[in-house]
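Below: target.cif (mmCIF, C-alpha atoms and all ligand atoms)
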```
data_input
loop_
_atom_site.label_atom_id
_atom_site.label_comp_id
_atom_site.auth_asym_id
_atom_site.auth_seq_id
_atom_site.Cartn_x
_atom_site.Cartn_y
_atom_site.Cartn_z
CA MET A 23 -16.37 -27.46 -42.92
CA THR A 24 -20.04 -28.37 -42.58
CA ASN A 25 -22.65 -25.89 -41.50
CA ALA A 26 -23.34 -27.90 -38.36
CA HIS A 27 -19.71 -27.55 -37.37
CA LEU A 28 -19.86 -23.80 -38.02
CA LEU A 29 -22.92 -23.40 -35.86
CA THR A 30 -21.29 -25.20 -32.94
CA ALA A 31 -18.19 -23.07 -33.27
CA ASP A 32 -20.29 -19.91 -33.42
CA ALA A 33 -22.50 -20.74 -30.49
CA GLY A 34 -19.53 -21.57 -28.29
CA THR A 35 -19.74 -23.05 -24.82
CA ALA A 36 -19.94 -21.50 -21.40
CA ALA A 37 -16.23 -22.14 -20.88
CA ASP A 38 -15.09 -20.18 -23.91
CA THR A 39 -17.72 -17.42 -23.72
CA VAL A 40 -17.39 -14.73 -21.09
CA LEU A 41 -20.33 -12.57 -22.21
CA GLU A 42 -23.41 -13.63 -24.10
CA ILE A 43 -26.18 -11.17 -24.89
CA ASP A 44 -29.27 -12.68 -26.41
CA ASP A 45 -32.13 -10.68 -27.92
CA LEU A 46 -31.64 -7.69 -25.65
CA SER A 47 -34.05 -4.77 -25.82
CA ILE A 48 -33.88 -1.66 -23.64
CA GLU A 49 -36.24 1.31 -23.66
CA PHE A 50 -36.03 4.68 -21.95
CA ARG A 51 -38.94 6.92 -21.15
CA GLY A 52 -38.43 10.22 -22.89
CA GLY A 53 -40.11 13.54 -22.26
CA ARG A 54 -43.61 14.56 -23.30
CA ARG A 55 -44.16 16.64 -26.43
CA ARG A 56 -47.26 18.19 -24.86
CA SER A 57 -48.19 18.14 -21.21
CA TRP A 58 -51.24 15.96 -21.91
CA ALA A 59 -49.43 13.58 -24.25
CA PRO A 60 -48.05 10.25 -23.04
CA ARG A 61 -44.32 10.09 -22.43
CA SER A 62 -42.44 9.04 -25.54
CA VAL A 63 -40.45 5.83 -25.44
CA VAL A 64 -36.86 5.77 -26.72
CA PRO A 65 -35.91 2.30 -27.96
CA ALA A 66 -32.19 2.51 -27.09
CA VAL A 67 -31.41 -1.14 -27.88
CA THR A 68 -33.57 -3.48 -29.96
CA ASN A 69 -33.19 -7.28 -30.19
CA ALA A 70 -29.41 -7.13 -29.91
CA SER A 71 -27.34 -10.32 -29.64
CA LEU A 72 -23.61 -10.34 -29.07
CA ARG A 73 -20.95 -12.73 -27.79
CA VAL A 74 -17.53 -12.03 -26.30
CA PRO A 75 -15.25 -15.08 -26.40
CA ARG A 76 -12.95 -15.62 -23.42
CA GLY A 77 -9.64 -13.81 -23.72
CA ARG A 78 -10.78 -11.79 -26.73
CA THR A 79 -11.79 -8.21 -27.49
CA VAL A 80 -15.07 -7.38 -29.17
CA GLY A 81 -15.32 -3.82 -30.43
CA LEU A 82 -18.69 -2.09 -30.47
CA VAL A 83 -18.95 0.82 -32.89
CA GLY A 84 -21.67 3.09 -34.18
CA GLU A 85 -22.52 6.75 -34.28
CA SER A 86 -23.54 8.75 -31.24
CA GLY A 87 -26.78 7.56 -29.69
CA SER A 88 -26.71 4.14 -31.34
CA GLY A 89 -26.94 2.34 -27.98
CA LYS A 90 -23.34 1.26 -27.31
CA THR A 91 -23.11 2.64 -23.78
CA THR A 92 -26.59 1.33 -22.97
CA ILE A 93 -25.47 -2.22 -23.80
CA GLY A 94 -22.43 -1.78 -21.54
CA ARG A 95 -24.61 -0.41 -18.76
CA ALA A 96 -26.99 -3.34 -19.07
CA VAL A 97 -24.09 -5.77 -18.62
CA LEU A 98 -23.07 -3.80 -15.52
CA ARG A 99 -26.66 -3.98 -14.37
CA LEU A 100 -27.02 -0.19 -14.34
CA VAL A 101 -30.10 -0.30 -16.57
CA GLU A 102 -32.98 -2.73 -16.59
CA PRO A 103 -33.62 -4.48 -19.93
CA LYS A 104 -37.12 -4.68 -21.35
CA HIS A 105 -36.33 -8.23 -22.39
CA GLY A 106 -33.42 -10.43 -23.31
CA VAL A 107 -30.86 -12.60 -21.56
CA ILE A 108 -27.40 -11.44 -20.49
CA THR A 109 -24.96 -14.06 -19.25
CA ALA A 110 -21.61 -12.74 -18.06
CA ALA A 111 -18.83 -14.52 -16.16
CA GLY A 112 -21.23 -17.39 -15.48
CA PHE A 113 -23.99 -15.20 -14.00
CA GLN A 114 -27.38 -14.60 -15.56
CA VAL A 115 -27.45 -10.84 -15.12
CA ASP A 116 -31.11 -10.22 -15.91
CA ARG A 117 -32.09 -12.52 -13.00
CA PHE A 118 -30.42 -10.31 -10.39
CA ARG A 119 -32.89 -8.60 -8.14
CA GLY A 120 -31.40 -5.37 -6.87
CA SER A 121 -27.66 -4.87 -7.01
CA PRO A 122 -25.48 -7.75 -8.28
CA PRO A 123 -23.61 -10.01 -5.82
CA ALA A 124 -20.02 -9.05 -4.91
CA ALA A 125 -18.62 -11.94 -6.97
CA TYR A 126 -20.25 -10.47 -10.07
CA ARG A 127 -19.10 -6.94 -9.32
CA ARG A 128 -15.56 -8.31 -9.12
CA ALA A 129 -15.79 -10.42 -12.27
CA VAL A 130 -17.12 -7.62 -14.49
CA GLN A 131 -15.30 -4.30 -14.27
CA ALA A 132 -15.60 -1.08 -16.24
CA VAL A 133 -13.30 1.68 -17.45
CA PHE A 134 -14.86 4.85 -18.81
CA GLN A 135 -13.77 7.71 -21.02
CA ASP A 136 -13.15 10.13 -18.19
CA PRO A 137 -11.37 8.52 -15.24
CA LEU A 138 -11.68 11.77 -13.27
CA GLY A 139 -15.32 10.81 -12.88
CA SER A 140 -14.53 7.38 -11.42
CA LEU A 141 -11.35 8.08 -9.41
CA ASP A 142 -11.92 9.66 -6.02
CA PRO A 143 -10.17 13.07 -6.16
CA LEU A 144 -9.42 12.92 -2.42
CA MET A 145 -7.50 9.63 -2.64
CA ASP A 146 -3.94 9.19 -3.84
CA VAL A 147 -3.03 6.32 -6.16
CA ARG A 148 -2.03 4.06 -3.24
CA GLN A 149 -5.46 4.53 -1.66
CA ILE A 150 -7.33 4.21 -4.97
CA LEU A 151 -5.75 0.83 -5.68
CA GLY A 152 -5.65 -0.30 -2.05
CA GLU A 153 -9.36 0.23 -1.45
CA PRO A 154 -10.72 -2.60 -3.66
CA LEU A 155 -8.02 -4.92 -2.33
CA ARG A 156 -9.22 -4.24 1.20
CA VAL A 157 -12.92 -4.42 0.41
CA HIS A 158 -12.88 -7.54 -1.77
CA PHE A 159 -9.92 -9.51 -0.42
CA GLY A 160 -9.35 -8.08 3.06
CA LEU A 161 -5.74 -7.29 2.15
CA ARG A 162 -3.82 -4.99 4.48
CA GLY A 163 -0.32 -3.87 5.37
CA ALA A 164 2.66 -5.17 3.44
CA ALA A 165 0.62 -7.66 1.39
CA ARG A 166 -1.62 -4.88 0.14
CA GLU A 167 1.30 -2.57 -0.60
CA ALA A 168 3.02 -5.30 -2.61
CA ARG A 169 -0.12 -5.94 -4.63
CA VAL A 170 -0.62 -2.20 -5.26
CA ARG A 171 2.96 -1.94 -6.57
CA GLY A 172 2.42 -5.02 -8.73
CA LEU A 173 -0.69 -3.43 -10.25
CA LEU A 174 1.17 -0.19 -10.97
CA ASP A 175 3.93 -2.15 -12.64
CA MET A 176 1.37 -4.00 -14.74
CA VAL A 177 0.03 -0.71 -16.16
CA GLY A 178 3.46 0.81 -16.75
CA LEU A 179 3.54 3.19 -13.77
CA SER A 180 6.07 3.20 -10.95
CA SER A 181 6.13 3.64 -7.19
CA ALA A 182 6.83 7.32 -7.88
CA HIS A 183 3.11 7.60 -8.70
CA LEU A 184 1.89 6.06 -5.43
CA SER A 185 1.37 9.35 -3.64
CA ARG A 186 -0.06 11.29 -6.58
CA TYR A 187 -3.67 12.43 -6.69
CA PRO A 188 -5.74 12.06 -9.87
CA HIS A 189 -5.44 15.75 -10.78
CA GLU A 190 -1.64 15.44 -10.57
CA LEU A 191 -1.59 12.81 -13.33
CA SER A 192 -1.76 13.19 -17.10
CA GLY A 193 -4.81 11.84 -18.94
CA GLY A 194 -2.93 8.74 -20.01
CA GLN A 195 -1.61 8.11 -16.50
CA ARG A 196 -5.10 8.51 -15.05
CA GLN A 197 -6.44 5.96 -17.51
CA ARG A 198 -3.62 3.59 -16.49
CA VAL A 199 -4.70 3.99 -12.86
CA ALA A 200 -8.33 3.33 -13.82
CA ILE A 201 -7.22 0.15 -15.60
CA ALA A 202 -5.12 -0.91 -12.59
CA LYS A 203 -8.12 -0.32 -10.32
CA ALA A 204 -10.22 -2.57 -12.54
CA LEU A 205 -7.49 -5.23 -12.54
CA ALA A 206 -7.18 -5.11 -8.74
CA VAL A 207 -10.15 -7.46 -8.28
CA ASP A 208 -9.12 -10.09 -10.88
CA PRO A 209 -11.95 -9.49 -13.36
CA GLU A 210 -12.89 -11.84 -16.20
CA LEU A 211 -14.39 -9.08 -18.34
CA ILE A 212 -13.81 -5.34 -18.56
CA ILE A 213 -16.31 -3.04 -20.22
CA LEU A 214 -14.19 -0.34 -21.84
CA ASP A 215 -16.49 2.55 -22.76
CA GLU A 216 -14.54 4.98 -24.97
CA PRO A 217 -11.38 4.32 -22.92
CA VAL A 218 -9.09 6.33 -25.19
CA SER A 219 -11.46 8.88 -26.75
CA ALA A 220 -10.33 11.72 -24.50
CA LEU A 221 -6.61 11.07 -25.02
CA ASP A 222 -4.06 12.41 -27.51
CA VAL A 223 -3.63 10.14 -30.49
CA SER A 224 -0.10 9.10 -29.47
CA VAL A 225 -1.31 8.17 -25.99
CA GLN A 226 -4.31 6.30 -27.44
CA GLY A 227 -1.95 3.83 -29.09
CA GLN A 228 -0.03 3.30 -25.86
CA ILE A 229 -3.19 2.52 -23.91
CA VAL A 230 -4.55 0.19 -26.61
CA ASN A 231 -1.22 -1.66 -26.62
CA LEU A 232 -1.20 -1.81 -22.83
CA LEU A 233 -4.68 -3.36 -22.86
CA ALA A 234 -3.50 -5.95 -25.37
CA ASP A 235 -0.45 -6.83 -23.23
CA ILE A 236 -2.65 -7.24 -20.16
CA GLN A 237 -5.04 -9.44 -22.12
CA ARG A 238 -2.18 -11.63 -23.30
CA ASP A 239 -0.80 -12.00 -19.77
CA LEU A 240 -4.05 -12.42 -17.85
CA GLY A 241 -6.57 -13.75 -20.39
CA ILE A 242 -9.09 -10.99 -19.63
CA SER A 243 -11.87 -10.28 -22.13
CA TYR A 244 -12.91 -6.81 -23.26
CA LEU A 245 -16.03 -5.24 -24.64
CA PHE A 246 -14.41 -2.23 -26.31
CA ILE A 247 -16.90 0.55 -26.99
CA ALA A 248 -15.77 3.38 -29.25
CA HIS A 249 -16.85 5.50 -32.15
CA ASP A 250 -13.35 5.72 -33.63
CA LEU A 251 -13.17 2.98 -36.24
CA ALA A 252 -9.39 3.01 -36.58
CA VAL A 253 -8.99 2.53 -32.83
CA VAL A 254 -11.58 -0.23 -32.70
CA ARG A 255 -10.08 -2.09 -35.62
CA HIS A 256 -6.65 -1.98 -34.03
CA ALA A 257 -7.91 -2.95 -30.58
CA SER A 258 -10.43 -5.70 -31.42
CA HIS A 259 -10.53 -9.28 -32.61
CA GLU A 260 -14.18 -8.92 -33.58
CA VAL A 261 -16.27 -5.87 -34.32
CA ALA A 262 -20.01 -5.29 -33.95
CA VAL A 263 -21.63 -2.33 -35.70
CA MET A 264 -24.69 -0.66 -34.17
CA TYR A 265 -27.15 1.74 -35.69
CA ARG A 266 -30.09 3.16 -33.75
CA GLY A 267 -30.17 0.33 -31.27
CA ARG A 268 -29.73 -2.48 -33.79
CA ILE A 269 -26.68 -4.62 -34.44
CA MET A 270 -26.21 -4.35 -38.18
CA GLU A 271 -23.10 -6.42 -38.72
CA VAL A 272 -20.59 -8.44 -36.69
CA GLY A 273 -17.50 -10.40 -37.57
CA PRO A 274 -13.73 -10.62 -37.43
CA ALA A 275 -12.29 -7.09 -37.23
CA ASP A 276 -10.37 -7.40 -40.47
CA ARG A 277 -13.40 -8.69 -42.36
CA VAL A 278 -15.85 -6.10 -41.01
CA CYS A 279 -13.42 -3.21 -41.48
CA GLY A 280 -11.80 -4.45 -44.68
CA ALA A 281 -14.83 -5.90 -46.45
CA PRO A 282 -17.91 -4.40 -44.79
CA GLN A 283 -21.13 -5.93 -46.10
CA HIS A 284 -23.83 -3.77 -44.57
CA PRO A 285 -24.55 -0.51 -46.42
CA TYR A 286 -24.37 1.30 -43.08
CA THR A 287 -20.97 -0.18 -42.25
CA ARG A 288 -19.78 0.86 -45.69
CA LEU A 289 -21.03 4.39 -45.11
CA LEU A 290 -19.29 4.44 -41.75
CA PHE A 291 -15.99 3.44 -43.29
CA ASP A 292 -16.41 5.91 -46.08
CA ALA A 293 -16.56 8.68 -43.49
CA VAL A 294 -13.13 7.69 -42.14
CA PRO A 295 -10.38 9.89 -43.57
CA ASP A 296 -8.83 7.74 -46.26
CA PRO A 297 -5.59 8.56 -48.04
CA THR A 298 -7.04 7.16 -51.28
CA PRO A 299 -8.55 9.91 -53.42
CA ARG A 300 -12.33 9.55 -53.58
CA ALA A 301 -12.21 9.04 -57.34
CA LEU A 302 -10.09 5.91 -56.90
CA ARG A 303 -12.29 4.28 -54.32
CA THR A 304 -14.59 1.52 -55.44
CA THR A 305 -16.81 0.78 -52.45
CA ALA A 306 -20.54 1.04 -52.74
CA ALA A 307 -20.50 3.83 -50.19
CA ALA A 308 -18.09 5.84 -52.30
CA ASP A 309 -20.53 5.39 -55.18
CA GLN A 310 -23.27 6.91 -53.02
CA PRO A 311 -21.47 9.74 -51.26
CA GLN A 312 -23.16 11.28 -48.24
CA ARG A 313 -26.62 10.11 -49.17
CA LYS A 314 -29.17 12.14 -47.23
CA PRO A 315 -32.22 10.57 -45.62
CA GLU A 316 -35.00 10.60 -48.15
CA PRO A 317 -38.17 12.33 -46.95
CA GLY A 318 -41.26 10.16 -46.88
CA ILE A 319 -39.40 6.91 -46.42
CA GLU A 320 -39.81 5.66 -42.91
CA ALA A 321 -39.41 2.29 -41.32
CA ALA A 322 -42.17 0.67 -39.30
CA ALA A 323 -41.17 -0.12 -35.70
CA ASN A 324 -39.94 -3.52 -36.85
CA GLY A 325 -38.29 -2.25 -40.02
CA CYS A 326 -34.65 -1.46 -40.63
CA PRO A 327 -33.75 1.89 -39.00
CA PHE A 328 -31.28 2.63 -41.82
CA VAL A 329 -33.85 2.44 -44.61
CA ALA A 330 -34.21 6.15 -45.29
CA ARG A 331 -30.46 6.55 -45.85
CA CYS A 332 -29.88 3.22 -47.55
CA PRO A 333 -28.76 3.03 -51.19
CA LEU A 334 -29.88 -0.63 -51.41
CA ARG A 335 -33.31 -0.37 -49.79
CA MET A 336 -36.13 -2.64 -50.85
CA VAL A 337 -39.80 -2.69 -49.93
CA GLU A 338 -39.39 -5.27 -47.14
CA CYS A 339 -36.80 -3.09 -45.41
CA THR A 340 -39.50 -0.72 -44.18
CA GLN A 341 -41.45 -3.66 -42.76
CA THR A 342 -39.09 -6.18 -41.18
CA PHE A 343 -35.63 -6.07 -39.70
CA PRO A 344 -33.69 -8.91 -41.34
CA GLU A 345 -32.32 -11.95 -39.54
CA PRO A 346 -28.52 -11.86 -39.22
CA THR A 347 -27.12 -13.92 -42.10
CA PRO A 348 -23.66 -15.54 -42.14
CA VAL A 349 -21.15 -13.75 -44.34
CA ARG A 350 -18.18 -15.15 -46.23
CA GLY A 351 -15.08 -14.34 -44.20
CA GLY A 352 -16.93 -14.67 -40.89
CA GLY A 353 -19.67 -13.03 -38.87
CA THR A 354 -23.14 -11.96 -39.89
CA VAL A 355 -24.92 -9.09 -41.58
CA ALA A 356 -28.52 -8.00 -40.95
CA CYS A 357 -29.51 -6.66 -44.35
CA HIS A 358 -32.14 -7.84 -46.84
CA ALA A 359 -30.14 -6.52 -49.76
CA ALA A 360 -26.62 -7.46 -48.69
CA ALA A 361 -27.82 -10.89 -47.60
CA ASP A 362 -28.96 -11.58 -51.17
CA ALA A 363 -25.40 -11.52 -52.39
CA THR A 364 -24.12 -13.72 -49.55
CA PRO A 365 -23.22 -16.15 -48.20
CA GLY A 366 -21.29 -18.52 -50.34
CA SER A 367 -21.14 -16.29 -53.37
CA HIS A 368 -18.02 -14.56 -54.73
CA ASN A 369 -16.67 -11.10 -53.81
N1 LIG B 1 -30.81 7.56 -19.05
C1 LIG B 1 -31.38 7.77 -20.24
N2 LIG B 1 -32.63 8.30 -20.34
C2 LIG B 1 -33.23 8.51 -21.52
N3 LIG B 1 -32.65 8.21 -22.69
C3 LIG B 1 -31.41 7.70 -22.69
C4 LIG B 1 -30.71 7.45 -21.46
N4 LIG B 1 -29.49 6.93 -21.76
C5 LIG B 1 -29.43 6.85 -23.10
N5 LIG B 1 -30.58 7.31 -23.66
C6 LIG B 1 -30.87 7.34 -25.09
O1 LIG B 1 -30.63 6.01 -25.59
C7 LIG B 1 -30.02 6.07 -26.87
C8 LIG B 1 -28.69 5.34 -26.84
O2 LIG B 1 -27.79 6.06 -26.04
P1 LIG B 1 -26.32 5.56 -25.71
O3 LIG B 1 -25.73 6.47 -24.71
O4 LIG B 1 -26.35 4.11 -25.38
O5 LIG B 1 -25.58 5.75 -27.13
P2 LIG B 1 -24.04 5.63 -27.50
O6 LIG B 1 -23.98 4.76 -28.70
O7 LIG B 1 -23.25 5.23 -26.31
O8 LIG B 1 -23.67 7.13 -27.94
P3 LIG B 1 -22.31 7.97 -27.75
O9 LIG B 1 -21.40 7.54 -28.89
O10 LIG B 1 -22.73 9.39 -27.88
O11 LIG B 1 -21.72 7.65 -26.42
C9 LIG B 1 -29.92 7.54 -27.22
O12 LIG B 1 -31.06 7.87 -27.98
C10 LIG B 1 -29.94 8.22 -25.88
O13 LIG B 1 -30.46 9.52 -26.00
MG MG B 2 -21.69 6.11 -25.28
#
```
Taking this structure as input, can you express it in the form of structure tokens?
Amino acid sequence: MTNAHLLTADAGTAADTVLEIDDLSIEFRGGRRRSWAPRSVVPAVTNASLRVPRGRTVGLVGESGSGKTTIGRAVLRLVEPKHGVITAAGFQVDRFRGSPPAAYRRAVQAVFQDPLGSLDPLMDVRQILGEPLRVHFGLRGAAREARVRGLLDMVGLSSAHLSRYPHELSGGQRQRVAIAKALAVDPELIILDEPVSALDVSVQGQIVNLLADIQRDLGISYLFIAHDLAVVRHASHEVAVMYRGRIMEVGPADRVCGAPQHPYTRLLFDAVPDPTPRALRTTAAADQPQRKPEPGIEAAANGCPFVARCPLRMVECTQTFPEPTPVRGGGTVACHAAADATPGSHN
């Protein structure tokens, strides 16, 4: 395969891309340290690019505060980017002035960690699912009831749940209702922000499998945000790894999780409970267990945010954040040191 061919395949076309994020940066105004000081600026997302192919799941992982939710909120148009282009379901999101058009709000849905926050406690399941059908499609009466029952069936619930209120459902059942509510308006993309993090492990698997079944049947795409690497690996076709607002590595889930190239990704996977005794592990991260940030080493604003903790750091890492470089096995890594060994070489 030639490089030109690879590039075309990577870039994709509008028809096979449901979400394209290009060079997205988002800042928040923080508090003041002193009353006379200017407000600090929190760079929540910096120059992030990401693509979700149609009918696929892209997992977004990274430790708390790395910017995962902020990316999801930008796609939903709940935060205003500093710069960058977001194209989702054929709409250029950053061009919206004010709230997005109804067609966009239908096409891009969201499911959050805690459905109690998004399901009206005063509505039963029939009303929760019937409401979007009325608002967006004008459905009423028997037609609406049939569609509500179809949605319940799709998420593995039955008509016995129609008259339940959210607090009368288990966590897993509530999340099924939240998913059904998202599906009610025929979305192209669902932003799943920690959709199983609050659930028991056994229920997590059921919900992840349900999402996969729905994707297979309906061709819906997911941006799957989570901090649990095992869940993300199982749920995603591709995985993107964030650290302090930067996308460090992306690629096929098996490649990123099985052969991580970025020192941060390796550290992340080293923190996952692993049945292999530490002494038998051979990853670079295992060779550098729990490396603490080194005092005195600090990245410039444009440097790599991981530099102080990085076992492979070089002088340029404090100065410039590296361009994403293609990696053998698929995807890219943004690392001066890791990029030296790839692409095209062994390992
Ligand atoms: N509304 C806000 N105002 C100010 N700062 C914010 C706001 N929302 C997020 N931040 C900051 O932006 C950064 C990214 O936060 P974000 O919630 O996107 O992280 P996350 O990766 O989703 O973390 P978690 O795993 O804890 O959910 C953090 O430093 C956070 O404190
Ligand atoms: Mg979050």
Give me the residues of chain A that have any atom at most 10 Å from an atom of ligand LIG 1 (chain B); for each, the nearest atom pair and the distance in Å, rounded to one decimal. Use only C-alpha atoms and all ligand atoms, sort by chain and number, and format it as a tab-separated table.
```
residue	atom	partner	partner_atom	distance
A:Ile48	CA	B:LIG1	O1	8.6
A:Glu49	CA	B:LIG1	O1	7.6
A:Phe50	CA	B:LIG1	C2	4.8
A:Arg51	CA	B:LIG1	C2	5.9
A:Gly52	CA	B:LIG1	C2	5.6
A:Gly53	CA	B:LIG1	C2	8.6
A:Val63	CA	B:LIG1	N3	8.6
A:Val64	CA	B:LIG1	O12	6.3
A:Pro65	CA	B:LIG1	O1	6.9
A:Ala66	CA	B:LIG1	O1	4.1
A:Val67	CA	B:LIG1	C8	7.1
A:Leu82	CA	B:LIG1	O6	8.8
A:Val83	CA	B:LIG1	O6	7.6
A:Gly84	CA	B:LIG1	O6	6.2
A:Glu85	CA	B:LIG1	O9	5.6
A:Ser86	CA	B:LIG1	O9	3.4
A:Gly87	CA	B:LIG1	O5	3.4
A:Ser88	CA	B:LIG1	O6	3.8
A:Gly89	CA	B:LIG1	O4	3.2
A:Lys90	CA	B:LIG1	O6	3.8
A:Thr91	CA	B:LIG1	O7	3.6
A:Thr92	CA	B:LIG1	O4	3.7
A:Ile93	CA	B:LIG1	O4	6.6
A:Gly94	CA	B:LIG1	O4	8.1
A:Arg95	CA	B:LIG1	O4	8.2
A:Ala96	CA	B:LIG1	O4	9.8
A:Leu100	CA	B:LIG1	N1	9.8
A:Val101	CA	B:LIG1	N1	8.3
A:Gln135	CA	B:LIG1	O11	9.6
A:Asp215	CA	B:LIG1	O7	8.1
A:Glu216	CA	B:LIG1	O11	7.8
A:Ile247	CA	B:LIG1	O7	7.9
A:Ala248	CA	B:LIG1	O9	7.0
A:His249	CA	B:LIG1	O9	6.0
A:Asp250	CA	B:LIG1	O9	9.5
A:Met264	CA	B:LIG1	O6	7.7
A:Tyr265	CA	B:LIG1	O6	8.2
A:Arg266	CA	B:LIG1	C8	7.4
A:Gly267	CA	B:LIG1	C8	6.8
```
How many Å separate atom CA of Arg277 of chain A from atom CA of Met336 of chain A?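 A separation of 25.0 Å between them.
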Quick one: pull the distance between atom CA of Gly178 of chain A and atom CA of Leu233 of chain A, Å, one decimal.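 Answer for the atom CA of Gly178 of chain A to atom CA of Leu233 of chain A separation: 11.0 Å.
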Between atom CA of Ala70 of chain A and atom CA of Gln131 of chain A, measure the distance and give it in Å to one decimal.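 Atom-to-atom, atom CA of Ala70 of chain A and atom CA of Gln131 of chain A are spaced 21.3 Å apart.
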Name all residues at most 9 Å from Pro137 of chain A (count all atoms listed in the file; drop same-chain ones fewer than 3 positions away) and give them as a list of chain:residue names.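 What passes the distance filter is A:Val133, A:Phe134, A:Ser140, A:Leu141, A:Pro188, A:Gly193, A:Arg196, A:Gln197, A:Val199, A:Ala200, A:Pro217.
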Keeping C-alpha atoms, export the residues of the selection given above as a PDB file, keeping the file's coordinate frame.
```
ATOM      1  CA  VAL A 133     -13.300   1.680 -17.450  1.00  0.00           C
ATOM      2  CA  PHE A 134     -14.860   4.850 -18.810  1.00  0.00           C
ATOM      3  CA  SER A 140     -14.530   7.380 -11.420  1.00  0.00           C
ATOM      4  CA  LEU A 141     -11.350   8.080  -9.410  1.00  0.00           C
ATOM      5  CA  PRO A 188      -5.740  12.060  -9.870  1.00  0.00           C
ATOM      6  CA  GLY A 193      -4.810  11.840 -18.940  1.00  0.00           C
ATOM      7  CA  ARG A 196      -5.100   8.510 -15.050  1.00  0.00           C
ATOM      8  CA  GLN A 197      -6.440   5.960 -17.510  1.00  0.00           C
ATOM      9  CA  VAL A 199      -4.700   3.990 -12.860  1.00  0.00           C
ATOM     10  CA  ALA A 200      -8.330   3.330 -13.820  1.00  0.00           C
ATOM     11  CA  PRO A 217     -11.380   4.320 -22.920  1.00  0.00           C
TER      12      PRO A 217
END
```
Shell around segment 159-167 of chain A at 10 Å using all atoms listed in the file, local window under 5 positions removed, as JSON, numbers by chain: {"A": [148, 149, 151, 152, 153, 154, 172, 173, 184, 206, 207]}
Any chance you could export the current selection's C-alpha atoms as an mmCIF file, in the frame of the given file?
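The result, stored in out.cif:
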```cif
data_model
loop_
_atom_site.group_PDB
_atom_site.id
_atom_site.type_symbol
_atom_site.label_atom_id
_atom_site.label_comp_id
_atom_site.auth_asym_id
_atom_site.auth_seq_id
_atom_site.Cartn_x
_atom_site.Cartn_y
_atom_site.Cartn_z
ATOM 1 C CA ARG A 148 -2.030 4.060 -3.240
ATOM 2 C CA GLN A 149 -5.460 4.530 -1.660
ATOM 3 C CA LEU A 151 -5.750 0.830 -5.680
ATOM 4 C CA GLY A 152 -5.650 -0.300 -2.050
ATOM 5 C CA GLU A 153 -9.360 0.230 -1.450
ATOM 6 C CA PRO A 154 -10.720 -2.600 -3.660
ATOM 7 C CA GLY A 172 2.420 -5.020 -8.730
ATOM 8 C CA LEU A 173 -0.690 -3.430 -10.250
ATOM 9 C CA LEU A 184 1.890 6.060 -5.430
ATOM 10 C CA ALA A 206 -7.180 -5.110 -8.740
ATOM 11 C CA VAL A 207 -10.150 -7.460 -8.280
#
```
As a ChimeraX atom specification, please: the residues near segment 338-348 of chain A (cut-off 7 Å, all atoms listed in the file, same-chain neighbours under 3 positions excluded). /A:320-322,324-326,329,335,352-358,361,365
